[in-house]
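Peer 1: Okay, so here is entry_5.cif, and as you'll see once you scroll down, it has mmCIF, C-alpha atoms and all ligand atoms.
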data_structure
#
loop_
_atom_site.group_PDB
_atom_site.id
_atom_site.type_symbol
_atom_site.label_atom_id
_atom_site.label_comp_id
_atom_site.auth_asym_id
_atom_site.auth_seq_id
_atom_site.Cartn_x
_atom_site.Cartn_y
_atom_site.Cartn_z
ATOM 1 C CA MET A 233 -13.051 49.160 -87.294
ATOM 2 C CA ASN A 234 -16.460 49.019 -85.634
ATOM 3 C CA ASP A 235 -14.781 50.405 -82.518
ATOM 4 C CA ILE A 236 -13.401 53.314 -84.579
ATOM 5 C CA ALA A 237 -16.930 54.013 -85.867
ATOM 6 C CA ARG A 238 -18.227 54.035 -82.290
ATOM 7 C CA LEU A 239 -15.428 56.417 -81.250
ATOM 8 C CA ALA A 240 -16.308 58.719 -84.169
ATOM 9 C CA ALA A 241 -19.925 58.740 -82.994
ATOM 10 C CA GLU A 242 -18.915 59.359 -79.357
ATOM 11 C CA ASN A 243 -16.749 62.305 -80.369
ATOM 12 C CA ALA A 244 -19.576 63.688 -82.511
ATOM 13 C CA VAL A 245 -21.817 63.538 -79.425
ATOM 14 C CA ASN A 246 -19.180 65.217 -77.240
ATOM 15 C CA LYS A 247 -18.650 68.005 -79.782
ATOM 16 C CA GLY A 248 -22.332 68.685 -80.402
ATOM 17 C CA PHE A 249 -22.602 67.381 -83.956
ATOM 18 C CA ASN A 250 -24.852 64.522 -82.915
ATOM 19 C CA ASP A 251 -27.599 66.812 -81.616
ATOM 20 C CA VAL A 252 -27.732 68.780 -84.846
ATOM 21 C CA VAL A 253 -27.799 65.774 -87.144
ATOM 22 C CA PHE A 254 -29.797 63.088 -85.337
ATOM 23 C CA GLU A 255 -31.901 64.580 -82.557
ATOM 24 C CA HIS A 256 -34.954 65.485 -84.606
ATOM 25 C CA ASP A 257 -36.224 62.797 -86.966
ATOM 26 C CA GLU A 258 -35.146 60.405 -89.673
ATOM 27 C CA THR A 259 -35.148 63.127 -92.314
ATOM 28 C CA HIS A 260 -31.848 64.183 -90.774
ATOM 29 C CA LEU A 261 -30.346 61.164 -92.479
ATOM 30 C CA ILE A 262 -30.370 63.377 -95.548
ATOM 31 C CA LEU A 263 -28.304 65.958 -93.657
ATOM 32 C CA ALA A 264 -25.830 63.290 -92.571
ATOM 33 C CA LEU A 265 -25.399 62.180 -96.191
ATOM 34 C CA ALA A 266 -25.042 65.796 -97.315
ATOM 35 C CA LEU A 267 -22.315 66.324 -94.732
ATOM 36 C CA ILE A 268 -20.415 63.317 -96.101
ATOM 37 C CA THR A 269 -20.777 64.814 -99.575
ATOM 38 C CA SER A 270 -19.554 68.181 -98.286
ATOM 39 C CA GLU A 271 -16.332 66.523 -97.143
ATOM 40 C CA VAL A 272 -15.892 65.064 -100.632
ATOM 41 C CA SER A 273 -16.330 68.596 -101.990
ATOM 42 C CA GLU A 274 -13.695 69.877 -99.565
ATOM 43 C CA ALA A 275 -11.267 67.241 -100.867
ATOM 44 C CA LEU A 276 -11.999 68.369 -104.429
ATOM 45 C CA LYS A 277 -11.417 71.994 -103.417
ATOM 46 C CA VAL A 278 -7.992 71.115 -101.993
ATOM 47 C CA PHE A 279 -7.146 69.367 -105.274
ATOM 48 C CA GLN A 280 -8.462 72.327 -107.277
ATOM 49 C CA ASP A 281 -6.657 75.102 -105.381
ATOM 50 C CA PRO A 282 -3.076 75.973 -106.349
ATOM 51 C CA TYR A 283 -0.395 75.295 -103.734
ATOM 52 C CA ASP A 284 3.147 76.568 -104.214
ATOM 53 C CA ASP A 285 5.005 74.992 -101.296
ATOM 54 C CA THR A 286 6.912 72.417 -103.374
ATOM 55 C CA LEU A 287 6.889 70.802 -106.765
ATOM 56 C CA PRO A 288 3.988 68.395 -107.244
ATOM 57 C CA VAL A 289 4.584 65.002 -105.636
ATOM 58 C CA THR A 290 1.698 62.960 -107.019
ATOM 59 C CA CYS A 291 -1.525 63.660 -108.927
ATOM 60 C CA GLY A 292 -0.277 67.228 -109.356
ATOM 61 C CA MET A 293 -0.477 67.886 -105.610
ATOM 62 C CA THR A 294 2.284 69.289 -103.414
ATOM 63 C CA LEU A 295 3.248 67.949 -99.989
ATOM 64 C CA ASN A 296 1.083 70.441 -98.070
ATOM 65 C CA GLN A 297 -1.751 69.875 -100.511
ATOM 66 C CA LEU A 298 -1.530 66.112 -100.020
ATOM 67 C CA ALA A 299 -1.640 66.584 -96.238
ATOM 68 C CA ASP A 300 -4.783 68.730 -96.529
ATOM 69 C CA PHE A 301 -6.280 66.245 -98.999
ATOM 70 C CA ASN A 302 -5.581 63.410 -96.576
ATOM 71 C CA ASN A 303 -7.352 65.324 -93.805
ATOM 72 C CA GLU A 304 -10.446 65.667 -95.993
ATOM 73 C CA LEU A 305 -10.384 61.937 -96.735
ATOM 74 C CA ALA A 306 -10.293 61.372 -92.980
ATOM 75 C CA ASP A 307 -13.319 63.657 -92.569
ATOM 76 C CA ILE A 308 -15.225 61.576 -95.138
ATOM 77 C CA VAL A 309 -14.492 58.392 -93.182
ATOM 78 C CA ILE A 310 -15.280 59.982 -89.796
ATOM 79 C CA ARG A 311 -18.643 61.311 -90.987
ATOM 80 C CA THR A 312 -19.430 57.927 -92.544
ATOM 81 C CA PHE A 313 -18.461 56.062 -89.360
ATOM 82 C CA HIS A 314 -20.578 58.435 -87.283
ATOM 83 C CA LEU A 315 -23.621 57.762 -89.471
ATOM 84 C CA ALA A 316 -23.099 53.995 -89.436
ATOM 85 C CA ALA A 317 -22.677 53.934 -85.652
ATOM 86 C CA LYS A 318 -25.792 56.046 -85.100
ATOM 87 C CA LEU A 319 -27.779 53.561 -87.186
ATOM 88 C CA ASN A 320 -26.150 50.636 -85.324
ATOM 89 C CA LEU A 321 -24.727 49.353 -88.589
ATOM 90 C CA PRO A 322 -21.606 47.155 -88.348
ATOM 91 C CA ILE A 323 -19.652 49.196 -90.888
ATOM 92 C CA GLY A 324 -16.383 47.364 -90.203
ATOM 93 C CA ASP A 325 -17.991 44.028 -91.024
ATOM 94 C CA ALA A 326 -19.534 45.481 -94.194
ATOM 95 C CA ILE A 327 -16.173 46.861 -95.346
ATOM 96 C CA VAL A 328 -14.395 43.546 -94.817
ATOM 97 C CA LYS A 329 -17.190 41.642 -96.578
ATOM 98 C CA LYS A 330 -17.240 44.071 -99.512
ATOM 99 C CA MET A 331 -13.456 43.972 -99.878
ATOM 100 C CA GLU A 332 -13.582 40.163 -99.951
ATOM 101 C CA LYS A 333 -16.297 40.312 -102.619
ATOM 102 C CA ASN A 334 -14.270 42.809 -104.665
ATOM 103 C CA THR A 335 -11.328 40.391 -104.827
ATOM 104 C CA THR A 336 -13.569 37.902 -106.674
ATOM 105 C CA ARG A 337 -14.693 40.370 -109.352
ATOM 106 C CA PRO A 338 -13.080 40.318 -112.826
ATOM 107 C CA PHE A 339 -10.496 42.909 -113.875
ATOM 108 C CA LEU A 340 -12.342 46.252 -114.244
ATOM 109 C CA HIS A 341 -15.531 44.135 -114.350
ATOM 110 C CA GLY A 342 -16.937 45.819 -117.454
ATOM 111 C CA LYS A 343 -15.907 49.371 -116.537
ATOM 112 C CA ARG A 344 -13.399 51.696 -118.219
ATOM 113 C CA PHE A 345 -12.057 52.892 -114.829
HETATM 114 MG MG MG A 401 -13.299 68.733 -93.923
#
Could you render the structure as structure tokens?
Ligand SMILES: [Mg+2]
Peer 2:
Amino acid sequence: MNDIARLAAENAVNKGFNDVVFEHDETHLILALALITSEVSEALKVFQDPYDDTLPVTCGMTLNQLADFNNELADIVIRTFHLAAKLNLPIGDAIVKKMEKNTTRPFLHGKRF
């Protein structure tokens, strides 16, 4: 997964996104986080917009809607991997470690959802 993060960062460099986000100073970390949030908003917009290609398949979304939603989820991960790689953070290791920790937590661990 760390390799995927590095590839996401390399592609961001090749496509010019790296210069915009990271070339200036550390305040651009805020921009990188905002861009991750913007992808979350795009996923919400896909969920919010009506699609009429088929009957809903799951969560009220149609097949085309689910495909677009999946693409926005991918954008969230790609932007996150790019940020982690630029900061030399081993995001793959952190994900594995966090998932292992989550398996030890109690059911819902005090939350309603
Ligand atoms: Mg997007």
Peer 1: Got a sec: who's within 12 Å of Pro282 of chain A, counting only C-alpha atoms, leaving out chain neighbours fewer than 2 positions off, as a ChimeraX atom specification?
Peer 2: /A:276-280,284-288,292-294,296-298
Peer 1: May I ask for the distance between atom CA of Asn246 of chain A and atom CA of Glu258 of chain A, given in Å to one decimal place?
Peer 2: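 Going from atom CA of Asn246 of chain A over to atom CA of Glu258 of chain A, I get 20.8 Å.
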Peer 1: Within 10 Å of ligand MG 401 (chain A) (counting all atoms listed in the file), which residues show up? I'd like them as a PyMOL selection string.
Peer 2: chain A and resi 267-268+270-275+278+300-308+310-311
Peer 1: Evaluated on this file, the PyMOL selection byres (((chain A and resi 239-243) around 12) and not hetatm) picks out some residues - which ones are they, written as a PyMOL selection string?
Peer 2: chain A and resi 233-238+244-251+253-254+306-321
Peer 1: Have a look at atom CA of Phe345 of chain A and atom CA of Tyr283 of chain A and let me know their distance in Å, one decimal.
Peer 2: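 Those two atoms sit 27.6 Å apart.
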Peer 1: Any idea what the distance is between atom CA of Asn334 of chain A and atom CA of Ala299 of chain A?
Peer 2: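 Going from atom CA of Asn334 of chain A over to atom CA of Ala299 of chain A, I get 28.2 Å.
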